[in-house]
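S.K.: Got a structure for you, questions after.
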Amino acid sequence: MNSRLSNATIAKLPGAIATPRYDRGTVTPGIVHLGVGAFHRAHQAAYVDACLADGEANWGIVGVSLRSPDTRDALAPQDGLYTLAVRDSAGEQLEVIGSILSLLVAPEDPGAVLAALTDPRIRIVTLTITEKAYLRAADGTLDKAHLDIVHDLANPGSPKTAHGFLAEALARRRAAGTIPFTVLCCDNLPANGATLHRLLVEFAKLRDLRLDRQVDAGLDRQVDAGLDRQVDADLAHHIADEVAFPSSMVDRIVPATTDADRARVAGELGLKDAWPVMTEPFRQWVIEDRFPAGRPAWEKFGVTMVEDVGPFEDMKLRLLNGAHSGIAYLGLLSGHPTVDRAFADPAIRQFVDALWAEAIPTLPEGAGLDTAAYTAELAERFSNTALAHRTAQIANDGSQKLPQRIIASALECLEAGTELVHLTLVVAAWIAACAARGKTLPEGHFTDPLDAALTTLLDQQLPANETVTAVFELAGFAKDHAERQTLIELVAVHLVHLRREGPVLAFAALGIDGR
């Protein structure tokens with residue numbers, strides 16, 4: 001099969017395949033998305049596609065990859081078109097999404113990315129760049145020593161990071177008299193909009209300081225990438241006061257696409273799609289409604305627009321994402337390659353129920369959260385055998401994910417004097433799973449930004465308490481919290497059990513018999 005999905009071939013698709021219900025040629029860009037991976041294409045791009053079909057033709061997406069050209073290389077020959085495969089135990093439905101108009105690769109042409117970001121038609125910039133790409137130090141502040149941050153401060157016209165691109169684009173828009181775009185973070189960070197706002201203001205202050213020094217040195221004009229302009233040394237205040245950063249909560253399970261998925265989808269289409277996206281029927285998006293430059297009418301298609309996303313965000317991070325991490329690490333240690341198989345293990349299922357029981361009391365009261373209905377729905381989603389969501393995929397980047405998924409709940413339990421033995425097992429399971437790579441798990445089975453230091457530490461095979469203490473110090477878990485030592489001791493007890501007899505003993509110590 002040689003023919004590719006594209007504008008020229010889309011009319012050949014079988015009638016059962018849903019295709020864009022609008023003229024793509026009339027669509028203009030209104031959104032730049034940083035981090036145009038599978039999740040974005042299963043979530044935000046699908047919502048925007050529905051808005052385009054409803055006649056809002058000025059909200060097309062310019063997709064930007066900050067690192068790899070893979071998505072561009074797959075989709076550019078397809079005119080940005082791709083197949084969204086919605087799967088559950090009853091079957092699969094295919095839909096072609098057309099909301100991505102063009103794709104850029106930042107390392108190849110940062111100038112093109114900046115040109116897109118400074119286009120006056122762009123009114124929203126969305127991000128799904130993963131937790132680690134926000135470049136936070138252990139205390140949550142900007143990692144000022146990170147080599148990419150250092151580079152972007154020295155080379156504002158050719159940035160590498162989201163921070164650098166956003167700051168330079170906002171500076172150029174300000175200089176041109178163009179209103180700032182709204183920045184909409186869609187990553188799994190607590191108070192993600194406020195967090196990104198704070199980090200970008202920190203970055204802009206460093207940038208302002210550097211430019212102030214250039215002015216003091218008599219370098220009061222900057223020539224950068226062909227742009228000759230008076231230095232703007234007050235960008236931090238502009239970003240702090242004039243740029244909107246609403247928080248949001250996103251939810252949809254998106255497993256990695258396999259070659260078998262590609263072959264199956266191609267068979268249904270009668271055309272080759274280099275990178276279809278697999279997902280589940282469920283989707284959710286909750287957004288704080290602060291968009292000074294305008295926004296699509298997302299609420300028509302199921303998006304919940306609210307004043308404060310915090311309660312929804314906490315419920316998702318602590319119940320879905322927290323359970324996902326537990327399933328991933330305990331599943332890996334138990335030999336389960338996918339979420340549905342791990343969740344079908346009676347011991348892991350009992351553990352997840354108990355984990356939810358510990359986490360639910362940490363959620364805000366009076367926010368109208370129906371945790372019983374939510375966890376029942378999660379149980380159904382985790383049991384979806386059609387997704388084959390790999391535990392190793394979820395296991396990636398644990399040092400960046402566990403603070404908001406598990407550590408925050410555990411600390412609140414300690415402060416309240418309530419039980420938390422199941423939450424702490426997740427942290428111990430992460431440490432044990434990291435140590436198992438290259439032994440009972442394949443080398444590089446999952447990755448973490450701290451891998452080099454973690455491997456050196458775990459290879460020492462220190463006693464459990466010393467290991468956990470060192471890991472907490474390395475990852476910055478519960479840094480400066482009064483209950484940190486107590487938390488370390490609770491995690492260490494689980495690690496002793498995991499080292500002796502794996503999850504079986506760890507579960508038995510919690511009264512879980514697996515029957």
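We label chains A, B, ... in the order they appear in the structure tokens, count residues from 1 in each chain, and number ligands from 1 in the order shown.
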Report as a Markdown table the residues of segment 253-345 of chain A within 10 Å of segment 35-53 of chain A, each with its shortest atom pair and distance in Å (one decimal), using only C-alpha atoms, ordered by chain and increasing residue number.

M.R.:
```
| residue | atom | partner | partner_atom | distance |
| --- | --- | --- | --- | --- |
| A:Ile253 | CA | A:Phe39 | CA | 8.0 |
| A:Val254 | CA | A:Phe39 | CA | 6.0 |
| A:Pro255 | CA | A:Ala38 | CA | 8.4 |
| A:Ala256 | CA | A:Ala38 | CA | 7.7 |
| A:Thr257 | CA | A:Ala38 | CA | 8.5 |
| A:Trp275 | CA | A:Ala38 | CA | 8.8 |
| A:Pro276 | CA | A:Ala38 | CA | 8.6 |
| A:Val277 | CA | A:Ala38 | CA | 6.1 |
| A:Met278 | CA | A:Ala42 | CA | 7.6 |
| A:Thr279 | CA | A:Ala42 | CA | 6.7 |
| A:Glu280 | CA | A:Ala42 | CA | 9.2 |
| A:Arg283 | CA | A:His43 | CA | 7.3 |
| A:Gln284 | CA | A:His43 | CA | 8.4 |
| A:Trp285 | CA | A:His43 | CA | 8.4 |
| A:Pro296 | CA | A:Cys51 | CA | 6.7 |
| A:Ala297 | CA | A:Cys51 | CA | 6.8 |
| A:Trp298 | CA | A:Cys51 | CA | 6.8 |
| A:Glu299 | CA | A:Tyr47 | CA | 9.6 |
| A:Lys300 | CA | A:Cys51 | CA | 8.2 |
| A:Phe301 | CA | A:Tyr47 | CA | 6.9 |
| A:Gly302 | CA | A:Tyr47 | CA | 8.6 |
| A:Val303 | CA | A:Tyr47 | CA | 8.3 |
```

S.K.: Identify, on the basis of only C-alpha atoms, every residue whose closest approach to Tyr329 of chain A does not exceed 6 Å; exclude the query and any residue fewer than 2 positions from it along the same chain; express the result as number ranges by chain.

M.R.: A: 326-327, 331-332, 429-430

S.K.: Counting only C-alpha atoms, figure out which residue out of A:His422, A:Lys272, A:Arg213, A:Arg136 gets nearest to Leu81 of chain A.

M.R.: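 Using only C-alpha atoms, Leu81 of chain A sits closest to A:Lys272.
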
S.K.: From the DSSP assignment of the backbone, select every residue of segment 185-432 of chain A that is helix (DSSP H, G or I), and format the answer as a PyMOL selection string.

M.R.: chain A and resi 192-216+235-242+259-269+298-301+310-333+339-343+346-362+371-382+391-395+398-416+421-432

S.K.: Pick out the residues sitting within 12 Å of Glu415 of chain A, and hand them over as a list of chain:residue names; count only C-alpha atoms, and ignore anything fewer than 5 positions along from it in its own chain.

M.R.: A:Thr362, A:Ala408, A:Ser409, A:Ala410, A:Leu420, A:His481, A:Ala482, A:Glu483, A:Arg484, A:Thr486, A:Leu487

S.K.: Residues near Leu196 of chain A, anyone? I mean within 8 Å using only C-alpha atoms, not counting same-chain ones fewer than 5 positions away, as a list in words.

M.R.: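 Counting only the stated atoms, we get Tyr134, Cys185 and Phe245 of chain A.
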
S.K.: Export, as a compact mmCIF listing (two decimals), in the first residue's frame, the selected residues with N, CA and C atoms.

M.R.:
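To be explicit, this is the file written out as out13.txt:
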```txt
# COMPACT_ATOMS: atom_id res chain seq x y z
N TYR A 134 9.56 21.54 31.81
CA TYR A 134 9.40 22.85 32.46
C TYR A 134 10.66 23.25 33.22
N CYS A 185 -1.46 26.03 29.49
CA CYS A 185 -0.70 24.81 29.80
C CYS A 185 -1.66 23.65 29.95
N PHE A 245 -2.57 33.28 31.90
CA PHE A 245 -2.12 31.89 32.00
C PHE A 245 -3.19 31.06 32.72
```

S.K.: What lies within 7 Å of Thr182 of chain A using only C-alpha atoms, ignoring chain neighbours under 3 positions off, as a list of chain:residue names?

M.R.: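 That gives A:Arg123, A:Ile124, A:Val125, A:Val243, A:Ala244, A:Phe245, A:Phe291, A:Ala293.
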
S.K.: So, with only C-alpha atoms as the atoms that count, which of A:Val352, A:Leu103, A:Val64, A:Leu184 lies closest to Ala328 of chain A?

M.R.: A:Val352

S.K.: With distances taken over only C-alpha atoms, which of A:Asp88, A:Asp187, A:Asp459, A:Glu202 is nearest to Cys434 of chain A?

M.R.: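 Closest candidate: A:Asp459.
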
S.K.: If you measure from atom CA of Gly322 of chain A to atom CA of Leu402 of chain A, what distance in Å do you get, rounded to one decimal?

M.R.: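 Calculated distance between atom CA of Gly322 of chain A and atom CA of Leu402 of chain A is 7.6 Å.
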
S.K.: Would you mind reading off the distance between atom CA of Val339 of chain A and atom CA of Phe382 of chain A, one decimal, in Å?

M.R.: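 Distance between the two atoms: 6.3 Å.
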
S.K.: I'd like the contact shell of Ser68 of chain A - 10 Å cut-off, only C-alpha atoms, skipping same-chain residues fewer than 2 positions apart - returned as a compact mmCIF listing (two decimals) with N, CA and C atoms, in the first residue's frame.

M.R.:
```
# COMPACT_ATOMS: atom_id res chain seq x y z
N GLY A 35 4.70 21.03 21.51
CA GLY A 35 4.69 19.65 21.97
C GLY A 35 3.63 18.83 21.26
N GLY A 37 2.61 16.02 20.24
CA GLY A 37 2.70 14.58 20.33
C GLY A 37 1.34 13.91 20.24
N VAL A 64 4.09 22.53 16.82
CA VAL A 64 5.54 22.72 16.97
C VAL A 64 6.12 21.59 17.81
N SER A 65 7.12 20.92 17.26
CA SER A 65 7.90 19.95 18.02
C SER A 65 9.16 20.66 18.54
N LEU A 66 9.37 20.61 19.84
CA LEU A 66 10.52 21.29 20.42
C LEU A 66 11.80 20.47 20.31
N ASP A 70 10.04 13.77 14.29
CA ASP A 70 9.29 12.57 13.91
C ASP A 70 7.84 12.88 13.54
N THR A 71 7.15 13.70 14.35
CA THR A 71 5.74 13.99 14.06
C THR A 71 5.62 14.75 12.75
N ARG A 72 6.48 15.75 12.55
CA ARG A 72 6.46 16.50 11.29
C ARG A 72 6.71 15.58 10.10
N ASP A 73 7.71 14.71 10.23
CA ASP A 73 8.07 13.83 9.13
C ASP A 73 6.93 12.87 8.79
N VAL A 105 9.55 22.25 13.33
CA VAL A 105 10.50 21.58 14.23
C VAL A 105 11.46 22.65 14.74
N ALA A 106 11.37 22.96 16.02
CA ALA A 106 12.09 24.10 16.58
C ALA A 106 13.60 24.04 16.37
N PRO A 107 14.28 22.91 16.62
CA PRO A 107 15.74 22.91 16.45
C PRO A 107 16.18 23.18 15.01
N GLU A 108 15.34 22.82 14.04
CA GLU A 108 15.70 23.04 12.64
C GLU A 108 15.53 24.50 12.23
```

S.K.: What's the 9 Å shell around segment 151-163 of chain A, counting only C-alpha atoms, without same-chain residues fewer than 5 positions away, as number ranges by chain?

M.R.: A: 34, 66-67, 106-107, 109-111, 114, 127, 129, 133-135, 146, 168, 196, 199-200, 203-204, 206-207, 210, 224-225, 227

S.K.: For the selection you just gave me, I'd like the residues written to a file as a compact mmCIF listing (two decimals), in the first residue's frame, keeping N, CA, C and O atoms.

M.R.:
```
# COMPACT_ATOMS: atom_id res chain seq x y z
N LEU A 34 2.75 23.86 21.34
CA LEU A 34 4.11 23.38 21.60
C LEU A 34 4.05 21.98 22.18
O LEU A 34 3.42 21.75 23.21
N LEU A 66 9.37 20.61 19.84
CA LEU A 66 10.52 21.29 20.42
C LEU A 66 11.80 20.47 20.31
O LEU A 66 12.89 21.00 20.51
N ARG A 67 11.68 19.18 20.02
CA ARG A 67 12.86 18.31 19.96
C ARG A 67 12.94 17.54 18.65
O ARG A 67 13.77 17.80 17.80
N ALA A 106 11.37 22.96 16.02
CA ALA A 106 12.09 24.10 16.58
C ALA A 106 13.60 24.04 16.37
O ALA A 106 14.20 25.05 15.99
N PRO A 107 14.28 22.91 16.62
CA PRO A 107 15.74 22.91 16.45
C PRO A 107 16.18 23.18 15.01
O PRO A 107 17.27 23.70 14.77
N ASP A 109 14.51 25.15 12.75
CA ASP A 109 14.25 26.54 12.33
C ASP A 109 13.53 27.30 13.45
O ASP A 109 12.32 27.52 13.39
N PRO A 110 14.28 27.71 14.48
CA PRO A 110 13.63 28.47 15.55
C PRO A 110 13.01 29.77 15.07
O PRO A 110 12.01 30.24 15.62
N GLY A 111 13.56 30.34 14.02
CA GLY A 111 12.99 31.57 13.47
C GLY A 111 11.59 31.38 12.95
O GLY A 111 10.72 32.25 13.09
N LEU A 114 9.27 31.29 15.93
CA LEU A 114 9.04 32.65 16.44
C LEU A 114 8.12 33.44 15.51
O LEU A 114 7.28 34.23 15.97
N LEU A 127 0.25 24.07 25.37
CA LEU A 127 1.46 23.28 25.59
C LEU A 127 1.12 21.91 26.16
O LEU A 127 0.33 21.80 27.10
N ILE A 129 4.19 19.52 26.82
CA ILE A 129 5.61 19.27 26.64
C ILE A 129 6.16 18.29 27.67
O ILE A 129 7.38 18.05 27.68
N ALA A 133 9.96 19.00 30.91
CA ALA A 133 10.37 20.09 30.02
C ALA A 133 10.16 21.47 30.62
O ALA A 133 10.58 22.47 30.03
N TYR A 134 9.56 21.54 31.81
CA TYR A 134 9.40 22.85 32.46
C TYR A 134 10.66 23.25 33.22
O TYR A 134 10.74 24.37 33.72
N LEU A 135 11.62 22.35 33.28
CA LEU A 135 12.97 22.65 33.77
C LEU A 135 12.93 23.30 35.16
O LEU A 135 13.45 24.39 35.36
N HIS A 146 20.33 24.97 34.16
CA HIS A 146 20.11 24.05 33.04
C HIS A 146 20.73 24.63 31.77
O HIS A 146 20.57 25.81 31.46
N GLU A 168 10.60 35.33 24.11
CA GLU A 168 11.01 36.11 22.93
C GLU A 168 9.80 36.51 22.09
O GLU A 168 9.72 37.65 21.60
N LEU A 196 3.43 27.65 35.26
CA LEU A 196 4.15 28.13 34.07
C LEU A 196 4.31 29.64 34.11
O LEU A 196 5.37 30.17 33.72
N LEU A 199 7.22 30.38 36.40
CA LEU A 199 8.50 30.00 35.79
C LEU A 199 8.90 30.96 34.68
O LEU A 199 10.08 31.33 34.54
N LEU A 200 7.91 31.40 33.87
CA LEU A 200 8.24 32.30 32.77
C LEU A 200 8.61 33.68 33.28
O LEU A 200 9.50 34.34 32.72
N PHE A 203 12.15 33.37 34.36
CA PHE A 203 13.03 33.39 33.18
C PHE A 203 13.16 34.81 32.64
O PHE A 203 14.27 35.27 32.31
N ALA A 204 12.04 35.53 32.55
CA ALA A 204 12.07 36.88 32.01
C ALA A 204 12.87 37.83 32.89
O ALA A 204 13.54 38.74 32.39
N LEU A 206 15.53 37.01 34.61
CA LEU A 206 16.93 36.73 34.28
C LEU A 206 17.29 37.36 32.95
O LEU A 206 18.38 37.92 32.78
N ARG A 207 16.39 37.29 32.01
CA ARG A 207 16.61 37.89 30.69
C ARG A 207 16.71 39.41 30.81
O ARG A 207 17.60 40.04 30.21
N ARG A 210 20.02 40.41 32.26
CA ARG A 210 21.10 40.30 31.28
C ARG A 210 21.07 41.49 30.31
O ARG A 210 22.11 42.06 29.98
N ASP A 224 19.55 40.58 16.33
CA ASP A 224 19.36 39.17 16.60
C ASP A 224 18.47 38.57 15.52
O ASP A 224 17.33 38.95 15.37
N ALA A 225 19.04 37.63 14.79
CA ALA A 225 18.29 36.94 13.73
C ALA A 225 17.64 37.94 12.76
O ALA A 225 16.50 37.80 12.35
N LEU A 227 16.76 40.96 13.41
CA LEU A 227 15.84 41.90 14.06
C LEU A 227 16.65 42.95 14.79
O LEU A 227 17.37 42.67 15.74
```

S.K.: With only C-alpha atoms as the atoms that count, which of A:Leu363, A:Val286, A:Ile512, A:Val62 lies nearest to Asp345 of chain A?

M.R.: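 Closest to Asp345 of chain A, using only C-alpha atoms: A:Ile512.
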